[in-house]
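A short write-up of the structure that comes next.
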Amino acid sequence: MADEQDSWLDRETAERLLSGEPLDAADDATREQAERLARALGALAEPAPAGDELPGEAAALAAFRAARADRDGARAAVDAPG
């Protein structure tokens, strides 16, 4: 997931972004990149307005939303007192 340009984006950071958690970026440039990526991921999580879509777009968004819902459900189960 990380490459030479985005060394800040490791697996743990990606998981935090996907789950909507805030990040503690080390510097302004990294923080800006993380916020931009978080906004893009947030936009993908929202239902799309009616209109033309790209081939496979609906399936890709459905998979993303399902993974996020599964993660939120698992987190709620772990956090639930019991």
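Ordering of the structure tokens sets the chain letters (A, B, ...); residue numbers start at 1 within each chain; ligands are numbered from 1 in the order shown.
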So which residues touch segment 61-67 of chain A within 12 Å, counting only C-alpha atoms, skipping near sequence neighbours fewer than 6 positions away, as a list in words?
Glu15, Leu18, Ser19, Leu41, Gly42, Ala43, Leu44, Ala45, Glu46, Pro47, Ala48, Glu53, Leu54, Pro55, Gly73 and Ala74 of chain A
Just asking: which residues within chain A are alpha helix (DSSP H) according to DSSP, as an NGL selection string?
:A and (11-18 or 28-45 or 57-79)
What lies within 10 Å of Glu35 of chain A using only C-alpha atoms, ignoring chain neighbours under 3 positions off, as a list of chain:residue names?
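Once the adjacent positions are removed, what remains is A:Leu17, A:Pro22, A:Leu23, A:Ala25, A:Ala29, A:Thr30, A:Arg31, A:Glu32, A:Ala38, A:Arg39, A:Ala40, A:Leu41.
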Provide the atom CA of Thr13 of chain A to atom CA of Arg71 of chain A distance in Å, to one decimal place.
15.1 Å
